[in-house]
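Reading through the structure tokens given below for one structure.
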Amino acid sequence: MNHLAPLRALADGGREPRAKAVVFIFLSGGLSQIDSFDPKPDAPEQFRGEFQPIATATPGLRICEHLPLLAARSRSWALCRSLTHPSNDHSASHYIMLTGRSVLPEGFDLNKPRPGDWPALAAVAGYARPAVNNLPPAVVLPETLIHRTGRVVPGQFAGQMGPRWDPWVVSASPYNAVGYGAYPEYGFHHEIGALNPKDLVFQAPNLSLPEALSRGRLDARLDLLAAVDGQRRDLEQAAETEQFDRHRQEAVALLSDSAVRRAFDVTHADPKLQERYGRNAFGWSLLMARRLVEAGVGLVQVNLGNNETWDTHQAAFPNLKQFLLPPLDRSVSALLDDLDESGLLDGTLVVMAGEFGRTPRVFSIPGAKLPGRDHWGRVQTVFFAGGGAPGGAGIG
């Protein structure tokens with residue numbers, strides 16, 4: 001079946017895009033396209049792997065058997081199975097996917113961000129889009145991407161735009177060099193399987209006022225601060241003052257706006273809603289993203305995968321089956337349903353991708369007990385939903 005036709009019809013129609021907000025789900029480590037949205041059922045096992053394809057709600061479109069909830073919702077999403085770029089390196093590929101630039105800048109450093117880097121998409125969105133309700137125009141959650149070796153992944157920051165435009169990050173996920181995945185429900189280690197370190201706890205930011213600081217006292221302090229600002233304003237450069245005011249407005253909104261506090265307080269949300277998304281890092285992160293979109297944030301980047309979680313070099317099939325695909329299937333399906341039921345899906349584009357796919361042949365690293373994957377920048381599958389994307393479509 002030719003699934004390209006709906007996308008062609010959309011392009012030929014010349015319609016204006018309907019998306020008012022974007023949720024960019026970034027699968028750090030690189031989701032294997034063959035073991036998720038682009039199965040190769042007729043290929044030999046050393047290529048197609050252990051998983052079987054299942055039918056979706058779209059005739060002729062099949063995906064991995066461990067994504068049954070998304071399969072049932074295929075009329076709400078589309079696939080591009082042919083995204084390509086020139087790198088097989090994690091850092092360079094992160095940079096490419098997070099900045100949209102396939103050519104690395106002069107002096108690019110695989111181990112850290114540099115001022116000469118191209119800006120991240122989230123930084124550009126934060127600069128170009130006006131703030132709504134004193135919230136940042138763009139938010140990244142639940143963490144800055146830091147590898148277990150301490151390498152800070154380049155491509156996440158403002159780079160040439162300057163640090164004042166670095167994306168606003170909600171730090172709900174502590175840096176941990178041992179555990180991976182959608183903890184605590186699906187925490188694991190690539191080699192030994194199930195693992196949930198006690199220090200790996202998803203913690204949404206506490207935006208309530210300190211007990212000793214009432215709303216009245218906060219207002220009084222803000223009035224005092226305004227008076228001081230008035231005396232100082234003539235002594236400061238306009239740009240610096242405007243930047244200070246912007247950060248102050250954001251801070252006040254976070255402290256004083258009940259709707260904003262509710263958007264972040266996902267671990268205390270209605271138990272049924274948490275169960276729907278999953279009581280884990282994946283589910284809470286996507287629930288927070290949905291609430292931030294409703295509150296007026298234009299771009300929410302959700303990093304699903306600490307320490308390059310999706311880089312399943314060993315024991316790929318049991319790790320995907322037990323710890324990665326089930327919470328992904330559950331949380332993304334819940335996000336699509338929630339956005340649809342609330343009337344937000346048509347105006348919210350959901351994009352899901354990693355930094356690359358896997359090599360066509362199943363790969364084994366020396367000493368590993370079970371096989372896995374290797375890096376493959378030449379092709380990966382990108383998932384689209386909402387925002388006018390045609391459901392049930394597949395390219396490639």
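Numbering starts fresh at 1 for the residues of each chain in the structure tokens, the chains themselves are lettered A, B, ... in the order given, and ligands are numbered from 1 as they appear.
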
*Contacts of region 336-352 of chain A at 10 Å or less, counting only C-alpha atoms, minus same-chain residues fewer than 2 places along, as a PyMOL selection string?*
chain A and resi 17-27+31+70+73+76-79+273+276-277+287+290-291+293-294+298-302+304+331-334+354+381-389

What's around region 372-377 of chain A at 8 Å? Count only C-alpha atoms, leave out sequence neighbours fewer than 5 positions away in its own chain, and write the answer as a PDB file with N, CA, C and O atoms, in the first residue's frame.
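The result, written out as selection-v5.pdb:
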ATOM      1  N   GLY A  30      19.469   6.656  20.584  1.00  0.00           N
ATOM      2  CA  GLY A  30      19.066   6.226  19.249  1.00  0.00           C
ATOM      3  C   GLY A  30      18.185   4.997  19.237  1.00  0.00           C
ATOM      4  O   GLY A  30      18.674   3.876  19.383  1.00  0.00           O
ATOM      5  N   SER A  32      16.335   1.944  17.787  1.00  0.00           N
ATOM      6  CA  SER A  32      16.507   1.092  16.620  1.00  0.00           C
ATOM      7  C   SER A  32      15.247   1.125  15.768  1.00  0.00           C
ATOM      8  O   SER A  32      14.167   0.736  16.222  1.00  0.00           O
ATOM      9  N   THR A  84      17.982  10.770   7.201  1.00  0.00           N
ATOM     10  CA  THR A  84      19.395  10.399   7.136  1.00  0.00           C
ATOM     11  C   THR A  84      20.287  11.585   7.477  1.00  0.00           C
ATOM     12  O   THR A  84      19.909  12.738   7.271  1.00  0.00           O
ATOM     13  N   HIS A  85      21.459  11.283   8.032  1.00  0.00           N
ATOM     14  CA  HIS A  85      22.511  12.283   8.212  1.00  0.00           C
ATOM     15  C   HIS A  85      23.856  11.563   8.193  1.00  0.00           C
ATOM     16  O   HIS A  85      23.915  10.331   8.255  1.00  0.00           O
ATOM     17  N   PRO A  86      24.985  12.279   8.132  1.00  0.00           N
ATOM     18  CA  PRO A  86      26.269  11.641   7.822  1.00  0.00           C
ATOM     19  C   PRO A  86      27.055  11.085   8.999  1.00  0.00           C
ATOM     20  O   PRO A  86      28.159  10.586   8.796  1.00  0.00           O
ATOM     21  N   SER A  87      26.543  11.131  10.245  1.00  0.00           N
ATOM     22  CA  SER A  87      27.378  10.766  11.388  1.00  0.00           C
ATOM     23  C   SER A  87      26.910   9.499  12.086  1.00  0.00           C
ATOM     24  O   SER A  87      25.708   9.243  12.208  1.00  0.00           O
ATOM     25  N   ASN A  88      27.892   8.707  12.589  1.00  0.00           N
ATOM     26  CA  ASN A  88      27.605   7.558  13.442  1.00  0.00           C
ATOM     27  C   ASN A  88      28.092   7.787  14.873  1.00  0.00           C
ATOM     28  O   ASN A  88      28.103   6.849  15.672  1.00  0.00           O
ATOM     29  N   ASP A  89      28.490   9.008  15.194  1.00  0.00           N
ATOM     30  CA  ASP A  89      28.980   9.327  16.522  1.00  0.00           C
ATOM     31  C   ASP A  89      27.851   9.919  17.366  1.00  0.00           C
ATOM     32  O   ASP A  89      27.071  10.747  16.885  1.00  0.00           O
ATOM     33  N   SER A  93      25.901  13.283  16.331  1.00  0.00           N
ATOM     34  CA  SER A  93      24.531  13.013  15.910  1.00  0.00           C
ATOM     35  C   SER A  93      23.511  13.712  16.797  1.00  0.00           C
ATOM     36  O   SER A  93      22.474  14.180  16.316  1.00  0.00           O
ATOM     37  N   ASP A 311      20.831   3.353  23.588  1.00  0.00           N
ATOM     38  CA  ASP A 311      22.017   2.806  22.920  1.00  0.00           C
ATOM     39  C   ASP A 311      22.232   1.355  23.372  1.00  0.00           C
ATOM     40  O   ASP A 311      23.189   1.049  24.096  1.00  0.00           O
ATOM     41  N   THR A 312      21.385   0.480  22.915  1.00  0.00           N
ATOM     42  CA  THR A 312      21.334  -0.906  23.401  1.00  0.00           C
ATOM     43  C   THR A 312      22.359  -1.782  22.670  1.00  0.00           C
ATOM     44  O   THR A 312      21.998  -2.652  21.874  1.00  0.00           O
ATOM     45  N   HIS A 313      23.643  -1.581  22.975  1.00  0.00           N
ATOM     46  CA  HIS A 313      24.697  -2.346  22.316  1.00  0.00           C
ATOM     47  C   HIS A 313      24.683  -3.824  22.710  1.00  0.00           C
ATOM     48  O   HIS A 313      25.160  -4.670  21.957  1.00  0.00           O
ATOM     49  N   GLN A 314      24.197  -4.118  23.900  1.00  0.00           N
ATOM     50  CA  GLN A 314      24.124  -5.513  24.320  1.00  0.00           C
ATOM     51  C   GLN A 314      22.752  -5.797  24.920  1.00  0.00           C
ATOM     52  O   GLN A 314      22.086  -4.895  25.425  1.00  0.00           O
ATOM     53  N   ALA A 315      22.341  -7.043  24.813  1.00  0.00           N
ATOM     54  CA  ALA A 315      21.024  -7.463  25.303  1.00  0.00           C
ATOM     55  C   ALA A 315      19.928  -6.534  24.778  1.00  0.00           C
ATOM     56  O   ALA A 315      18.990  -6.182  25.504  1.00  0.00           O
ATOM     57  N   ALA A 316      20.040  -6.161  23.510  1.00  0.00           N
ATOM     58  CA  ALA A 316      19.098  -5.195  22.948  1.00  0.00           C
ATOM     59  C   ALA A 316      17.663  -5.681  23.020  1.00  0.00           C
ATOM     60  O   ALA A 316      16.765  -4.931  23.409  1.00  0.00           O
ATOM     61  N   PHE A 317      17.437  -6.928  22.667  1.00  0.00           N
ATOM     62  CA  PHE A 317      16.052  -7.397  22.553  1.00  0.00           C
ATOM     63  C   PHE A 317      15.372  -7.551  23.908  1.00  0.00           C
ATOM     64  O   PHE A 317      14.253  -7.064  24.089  1.00  0.00           O
ATOM     65  N   GLU A 355      19.032  10.151  17.872  1.00  0.00           N
ATOM     66  CA  GLU A 355      20.115  10.734  17.083  1.00  0.00           C
ATOM     67  C   GLU A 355      20.484   9.898  15.867  1.00  0.00           C
ATOM     68  O   GLU A 355      21.085  10.397  14.933  1.00  0.00           O
ATOM     69  N   PHE A 356      20.120   8.612  15.873  1.00  0.00           N
ATOM     70  CA  PHE A 356      20.316   7.757  14.697  1.00  0.00           C
ATOM     71  C   PHE A 356      19.599   6.433  14.928  1.00  0.00           C
ATOM     72  O   PHE A 356      19.032   6.186  16.000  1.00  0.00           O
ATOM     73  N   GLY A 357      19.611   5.570  13.896  1.00  0.00           N
ATOM     74  CA  GLY A 357      19.039   4.236  14.022  1.00  0.00           C
ATOM     75  C   GLY A 357      20.124   3.202  14.267  1.00  0.00           C
ATOM     76  O   GLY A 357      21.225   3.533  14.695  1.00  0.00           O
ATOM     77  N   ARG A 358      19.804   1.942  13.986  1.00  0.00           N
ATOM     78  CA  ARG A 358      20.814   0.889  14.137  1.00  0.00           C
ATOM     79  C   ARG A 358      21.256   0.343  12.796  1.00  0.00           C
ATOM     80  O   ARG A 358      20.554   0.441  11.790  1.00  0.00           O
ATOM     81  N   THR A 359      22.443  -0.244  12.795  1.00  0.00           N
ATOM     82  CA  THR A 359      22.962  -0.871  11.584  1.00  0.00           C
ATOM     83  C   THR A 359      22.020  -1.973  11.126  1.00  0.00           C
ATOM     84  O   THR A 359      21.320  -2.590  11.941  1.00  0.00           O
ATOM     85  N   ARG A 361      22.557  -4.994  10.285  1.00  0.00           N
ATOM     86  CA  ARG A 361      22.864  -6.300  10.873  1.00  0.00           C
ATOM     87  C   ARG A 361      22.905  -6.214  12.399  1.00  0.00           C
ATOM     88  O   ARG A 361      23.435  -5.257  12.962  1.00  0.00           O
ATOM     89  N   VAL A 362      22.310  -7.206  13.049  1.00  0.00           N
ATOM     90  CA  VAL A 362      22.402  -7.302  14.503  1.00  0.00           C
ATOM     91  C   VAL A 362      23.872  -7.404  14.884  1.00  0.00           C
ATOM     92  O   VAL A 362      24.655  -8.107  14.244  1.00  0.00           O
ATOM     93  N   PHE A 363      24.259  -6.716  15.952  1.00  0.00           N
ATOM     94  CA  PHE A 363      25.670  -6.498  16.271  1.00  0.00           C
ATOM     95  C   PHE A 363      25.987  -7.058  17.657  1.00  0.00           C
ATOM     96  O   PHE A 363      25.172  -6.988  18.570  1.00  0.00           O
ATOM     97  N   SER A 364      27.172  -7.605  17.834  1.00  0.00           N
ATOM     98  CA  SER A 364      27.610  -8.093  19.141  1.00  0.00           C
ATOM     99  C   SER A 364      28.939  -7.449  19.509  1.00  0.00           C
ATOM    100  O   SER A 364      29.891  -7.483  18.724  1.00  0.00           O
ATOM    101  N   ILE A 365      29.002  -6.860  20.716  1.00  0.00           N
ATOM    102  CA  ILE A 365      30.260  -6.296  21.184  1.00  0.00           C
ATOM    103  C   ILE A 365      31.071  -7.389  21.868  1.00  0.00           C
ATOM    104  O   ILE A 365      30.505  -8.346  22.415  1.00  0.00           O
TER     105      ILE A 365
END

*Please return as a PyMOL selection string: the residues of region 303-381 of chain A that backbone DSSP assigns to strand (DSSP E).*
chain A and resi 303+348-354+357-358+375-376+380-381

With all heavy atoms retained, write the just-selected residues as a JSON list (two decimals), in the first residue's frame.
[["chain", "number", "residue", "atom", "x", "y", "z"],
["A", 303, "ASN", "N", 13.44, 14.82, 26.87],
["A", 303, "ASN", "CA", 14.55, 13.87, 26.68],
["A", 303, "ASN", "C", 14.21, 12.56, 27.38],
["A", 303, "ASN", "O", 14.36, 12.45, 28.59],
["A", 303, "ASN", "CB", 15.84, 14.46, 27.26],
["A", 303, "ASN", "CG", 16.28, 15.72, 26.52],
["A", 303, "ASN", "OD1", 16.10, 15.85, 25.32],
["A", 303, "ASN", "ND2", 16.84, 16.66, 27.25],
["A", 348, "THR", "N", -1.10, 20.88, 18.16],
["A", 348, "THR", "CA", 0.18, 20.50, 18.76],
["A", 348, "THR", "C", 0.85, 19.43, 17.92],
["A", 348, "THR", "O", 0.29, 18.34, 17.73],
["A", 348, "THR", "CB", -0.03, 19.95, 20.20],
["A", 348, "THR", "OG1", -0.73, 20.91, 20.98],
["A", 348, "THR", "CG2", 1.31, 19.64, 20.85],
["A", 349, "LEU", "N", 2.01, 19.72, 17.39],
["A", 349, "LEU", "CA", 2.77, 18.75, 16.61],
["A", 349, "LEU", "C", 3.67, 17.95, 17.55],
["A", 349, "LEU", "O", 4.50, 18.52, 18.27],
["A", 349, "LEU", "CB", 3.63, 19.45, 15.56],
["A", 349, "LEU", "CG", 4.50, 18.53, 14.68],
["A", 349, "LEU", "CD1", 3.64, 17.60, 13.84],
["A", 349, "LEU", "CD2", 5.43, 19.37, 13.80],
["A", 350, "VAL", "N", 3.50, 16.64, 17.56],
["A", 350, "VAL", "CA", 4.34, 15.74, 18.35],
["A", 350, "VAL", "C", 5.35, 15.10, 17.42],
["A", 350, "VAL", "O", 4.98, 14.47, 16.42],
["A", 350, "VAL", "CB", 3.49, 14.66, 19.06],
["A", 350, "VAL", "CG1", 4.40, 13.73, 19.86],
["A", 350, "VAL", "CG2", 2.46, 15.31, 19.97],
["A", 351, "VAL", "N", 6.63, 15.26, 17.71],
["A", 351, "VAL", "CA", 7.70, 14.69, 16.90],
["A", 351, "VAL", "C", 8.55, 13.81, 17.81],
["A", 351, "VAL", "O", 8.93, 14.22, 18.90],
["A", 351, "VAL", "CB", 8.60, 15.78, 16.27],
["A", 351, "VAL", "CG1", 9.68, 15.15, 15.40],
["A", 351, "VAL", "CG2", 7.75, 16.76, 15.48],
["A", 352, "MET", "N", 8.87, 12.60, 17.36],
["A", 352, "MET", "CA", 9.70, 11.69, 18.16],
["A", 352, "MET", "C", 10.82, 11.13, 17.30],
["A", 352, "MET", "O", 10.58, 10.58, 16.23],
["A", 352, "MET", "CB", 8.85, 10.55, 18.73],
["A", 352, "MET", "CG", 9.64, 9.57, 19.60],
["A", 352, "MET", "SD", 8.55, 8.51, 20.61],
["A", 352, "MET", "CE", 7.65, 7.61, 19.34],
["A", 353, "ALA", "N", 12.06, 11.29, 17.78],
["A", 353, "ALA", "CA", 13.24, 10.81, 17.05],
["A", 353, "ALA", "C", 14.39, 10.64, 18.03],
["A", 353, "ALA", "O", 14.35, 11.15, 19.15],
["A", 353, "ALA", "CB", 13.62, 11.80, 15.95],
["A", 354, "GLY", "N", 15.42, 9.91, 17.60],
["A", 354, "GLY", "CA", 16.67, 9.82, 18.35],
["A", 354, "GLY", "C", 17.77, 10.48, 17.55],
["A", 354, "GLY", "O", 17.51, 11.26, 16.64],
["A", 357, "GLY", "N", 19.61, 5.57, 13.90],
["A", 357, "GLY", "CA", 19.04, 4.24, 14.02],
["A", 357, "GLY", "C", 20.12, 3.20, 14.27],
["A", 357, "GLY", "O", 21.23, 3.53, 14.70],
["A", 358, "ARG", "N", 19.80, 1.94, 13.99],
["A", 358, "ARG", "CA", 20.81, 0.89, 14.14],
["A", 358, "ARG", "C", 21.26, 0.34, 12.80],
["A", 358, "ARG", "O", 20.55, 0.44, 11.79],
["A", 358, "ARG", "CB", 20.29, -0.25, 15.02],
["A", 358, "ARG", "CG", 19.38, -1.28, 14.37],
["A", 358, "ARG", "CD", 19.52, -2.60, 15.14],
["A", 358, "ARG", "NE", 18.45, -3.57, 14.89],
["A", 358, "ARG", "CZ", 18.48, -4.52, 13.96],
["A", 358, "ARG", "NH1", 19.48, -4.55, 13.07],
["A", 358, "ARG", "NH2", 17.49, -5.39, 13.86],
["A", 375, "HIS", "N", 25.69, 1.87, 15.75],
["A", 375, "HIS", "CA", 25.19, 3.17, 15.33],
["A", 375, "HIS", "C", 24.99, 3.22, 13.81],
["A", 375, "HIS", "O", 25.79, 2.67, 13.05],
["A", 375, "HIS", "CB", 26.17, 4.27, 15.73],
["A", 375, "HIS", "CG", 26.54, 4.25, 17.18],
["A", 375, "HIS", "ND1", 27.62, 4.95, 17.68],
["A", 375, "HIS", "CD2", 25.99, 3.62, 18.25],
["A", 375, "HIS", "CE1", 27.70, 4.76, 18.98],
["A", 375, "HIS", "NE2", 26.73, 3.95, 19.35],
["A", 376, "TRP", "N", 23.96, 3.95, 13.39],
["A", 376, "TRP", "CA", 23.68, 4.03, 11.96],
["A", 376, "TRP", "C", 22.99, 5.36, 11.64],
["A", 376, "TRP", "O", 21.78, 5.49, 11.73],
["A", 376, "TRP", "CB", 22.77, 2.86, 11.55],
["A", 376, "TRP", "CG", 22.67, 2.58, 10.08],
["A", 376, "TRP", "CD1", 21.55, 2.64, 9.32],
["A", 376, "TRP", "CD2", 23.70, 2.13, 9.19],
["A", 376, "TRP", "NE1", 21.81, 2.28, 8.02],
["A", 376, "TRP", "CE2", 23.15, 1.96, 7.91],
["A", 376, "TRP", "CE3", 25.07, 1.87, 9.36],
["A", 376, "TRP", "CZ2", 23.88, 1.54, 6.81],
["A", 376, "TRP", "CZ3", 25.81, 1.45, 8.26],
["A", 376, "TRP", "CH2", 25.22, 1.29, 7.01],
["A", 380, "GLN", "N", 16.99, 6.50, 10.05],
["A", 380, "GLN", "CA", 16.18, 6.27, 11.24],
["A", 380, "GLN", "C", 14.74, 6.63, 10.90],
["A", 380, "GLN", "O", 14.47, 7.27, 9.88],
["A", 380, "GLN", "CB", 16.66, 7.09, 12.44],
["A", 380, "GLN", "CG", 16.46, 8.59, 12.32],
["A", 380, "GLN", "CD", 16.57, 9.31, 13.66],
["A", 380, "GLN", "OE1", 15.80, 9.05, 14.57],
["A", 380, "GLN", "NE2", 17.55, 10.21, 13.77],
["A", 381, "THR", "N", 13.83, 6.22, 11.77],
["A", 381, "THR", "CA", 12.42, 6.56, 11.60],
["A", 381, "THR", "C", 12.06, 7.71, 12.53],
["A", 381, "THR", "O", 12.43, 7.70, 13.70],
["A", 381, "THR", "CB", 11.53, 5.35, 11.91],
["A", 381, "THR", "OG1", 11.79, 4.32, 10.96],
["A", 381, "THR", "CG2", 10.05, 5.72, 11.85]]

*Any idea what the distance is between CA of Ile54 (chain A) and CA of Pro68 (chain A)?*
7.8 Å

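Among the candidates A:Val152, A:Leu370, A:Ala125, A:Gly394, the one nearest to Pro137 (chain A) when counting only C-alpha atoms is A:Ala125.
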
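Checking A:Gly155, A:Gly60, A:Gly391, A:Pro136 one by one against Leu104 (chain A), counting only C-alpha atoms, you find the shortest gap at A:Gly155.
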